[in-house]
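Notes follow the structure.
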Amino acid sequence: MEVKLAECAGFCFGVKRAVDTVYEQLKTGKTIYTYGPIVHNGEVVQELTDKGVIVLQNEEELRSLEPKQEGAAAVIIRAHGVPERIYRLLEEKGLEVVDATCPFVKRIHNIVRKKIEEGYHIVIFGNPGHPEVEGIVGWCTEPATVLEQPNEAMEWTPPAGKNLCIVAQTTFNYNKFNNMVEIFENRGYNVNVVNTICSATEERQRSASELASQADVMIVIGGRHSSNTAKLYEICSEKCAHTYFIQTLDDLHLELPKAARLVGITAGASTPNKLIEEVQNYVRINF
Ligand code: F3S
C-alpha cells in the first residue's frame with residue numbers, strides 16, 4: 001500500500017509568517033498577546049501559551065485590558081486580519097501592534113476601501129462568521145454584503161443604482177466563486193470582479209482533489225475551526241468515499257477497505273509539518 005502526501009499541504013505562507021512573528025516577538029521580553037488564536041491549530045497555540053503568549057479571545061477581552069506602559073506589551077494581529085476599529089482600540093490601550101495580517105488579506109482591505117471611494121457596493125463571497133470576513137467588512141466604510149451560497153446569490157437584490165464589486169474570502173472554493181459570479185452576470189448586474197482567492201488555497205484544493213480521485217482512502221488533517229481544512233474535506237469527500245477528517249493523530253481510527261492501495265494525505269493551511277509527518281509515518285508503519 002502506498003501513502004502519498006498531496007503536492008501542496010500544510011502551513012501556507014501567511015500562516016507561517018504569523019507563527020514565526022510570534023516566536024520573534026517572544027524574544028523581546030514584552031508581554032505578548034495574540035488577537036485570537038494565531039492559527040486554527042490547538043497544538044501550535046498550546047505550545048505558544050506554554051511559552052507565555054496570552055490569547056485575547058475577543059474584542060471584550062481587549063477592551064477590559066488595563067492600559068499598558070508604552071513598550072511593555074505587544075499584540076500580534078494574526079494572518080486573517082482584523083477590522084480597522086481594532087487597531088484604534090489597540091492604540092487607545094497603548095499597546096504596540098505587530099501586524100501579521102497576510103499581505104493577500106491586506107490587499108482585500110485596500111481593494112474594498114478604494115472601490116467604496118469609487119462608489120461601488122462591496123459584495124464578499126465568504127462565510128459571514130469567519131474572522132477574515134469580519135475583518136474585511138470592518139474595512140468597509142459603508143455597509144457591505146456577504147454571501148456564502150449560490151442560492152443566496154440568486155435571491156439577493158443589490159442596492160438600487162450601485163455598481164457591484166465582488167471580492168472573496170481568500171479560502172473560498174474556486175468553483176463556487178465562479179458559479180456565483182456567473183449567477184450575478186446572468187442576472188445582468190454590472191459587476192467588477194476581483195478574484196481574491198489565495199493561490200495557496202487553490203493549489204491546495206487542486207492537489208487534494210487530484211490525489212483524492214486516485215486514492216482509496218483520504219486523510220485530511222486540520223483544526224476543527226479551520227475553514228480551509230473543512231473545504232479540503234468537502235472536496236476530497238466528493239472524490240473519495242473513504243475520507244477522514246482528523247485534528248491530531250489520536251483521532252485517526254482508520255478502517256481501510258480491504259483492497260486499499262493508495263492512502264492520500266492532505267492538510268489545511270494551519271497544520272504544522274510535524275503533525276503531517278507523524279500521520280504519514282503512522283499510516284506507513286501500521287498498515
Ligand atoms: Fe495568506 Fe493565503 Fe495563507 S491568504 S494566510 S497565504 S491561505
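We name chains A, B, ... following the order of the C-alpha cells; residues begin at 1 in each chain, and ligands are numbered from 1 as shown.
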
(request) Residues up to 9 Å from ligand 1, counting only C-alpha atoms and all ligand atoms: could you list those as an MDAnalysis selection string? (result) chainID A and resid 11:18 78:80 101:106 169:171 196:202 228 268:270

(request) Could you pull out the residues in region 62-282 of chain A that DSSP calls helix (DSSP H, G or I) from the backbone, as a ChimeraX atom specification? (result) /A:62-63,84-92,103-117,131-137,150-155,174-186,199-214,227-239,249-251,273-282

(message) Using only C-alpha atoms, which protein or nucleic acid residues come within 12 Å of Leu232 (chain A)? Drop anything in the same chain fewer than 4 positions from it, and give the result as number ranges by chain.
(response) A: 6, 8-10, 171-174, 201-212, 218-223, 226-228, 236-240, 243-246, 265-269

Quick one: everything within 10 Å of Val112 (chain A), counting only C-alpha atoms, minus sequence neighbours fewer than 4 positions away in the same chain. Send it as a PDB file with C-alpha atoms, in the first residue's frame.
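Contents of around.pdb, as written:
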```
ATOM      1  CA  ARG A 107      -4.759  43.549  -0.296  1.00  0.00           C
ATOM      2  CA  ILE A 108      -8.508  42.861   0.062  1.00  0.00           C
ATOM      3  CA  ILE A 116     -16.114  52.145  -1.946  1.00  0.00           C
ATOM      4  CA  GLU A 117     -14.462  55.503  -2.636  1.00  0.00           C
ATOM      5  CA  GLU A 118     -15.172  54.874  -6.327  1.00  0.00           C
ATOM      6  CA  TYR A 120     -19.132  50.553  -5.609  1.00  0.00           C
ATOM      7  CA  HIS A 121     -21.189  48.389  -3.290  1.00  0.00           C
ATOM      8  CA  ILE A 122     -18.969  45.626  -1.916  1.00  0.00           C
ATOM      9  CA  VAL A 123     -20.088  42.004  -2.110  1.00  0.00           C
ATOM     10  CA  ILE A 124     -17.912  39.496  -0.296  1.00  0.00           C
ATOM     11  CA  ILE A 136     -12.859  42.701   5.540  1.00  0.00           C
ATOM     12  CA  VAL A 137     -16.310  44.018   6.489  1.00  0.00           C
ATOM     13  CA  TRP A 139     -12.568  47.901   6.460  1.00  0.00           C
ATOM     14  CA  CYS A 140     -15.681  48.801   4.501  1.00  0.00           C
ATOM     15  CA  THR A 141     -16.700  52.353   5.261  1.00  0.00           C
ATOM     16  CA  GLU A 142     -20.212  51.579   4.012  1.00  0.00           C
ATOM     17  CA  ALA A 144     -21.224  45.532   2.609  1.00  0.00           C
ATOM     18  CA  CYS A 165     -17.514  44.977  -6.649  1.00  0.00           C
ATOM     19  CA  ILE A 166     -17.082  41.308  -5.787  1.00  0.00           C
ATOM     20  CA  VAL A 167     -14.207  40.032  -3.669  1.00  0.00           C
TER      21      VAL A 167
END
```

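Proximity of A:Val75, A:Leu26, A:Leu254, A:Ala160 to Lys51 (chain A), computed with only C-alpha atoms, is greatest for A:Leu26.
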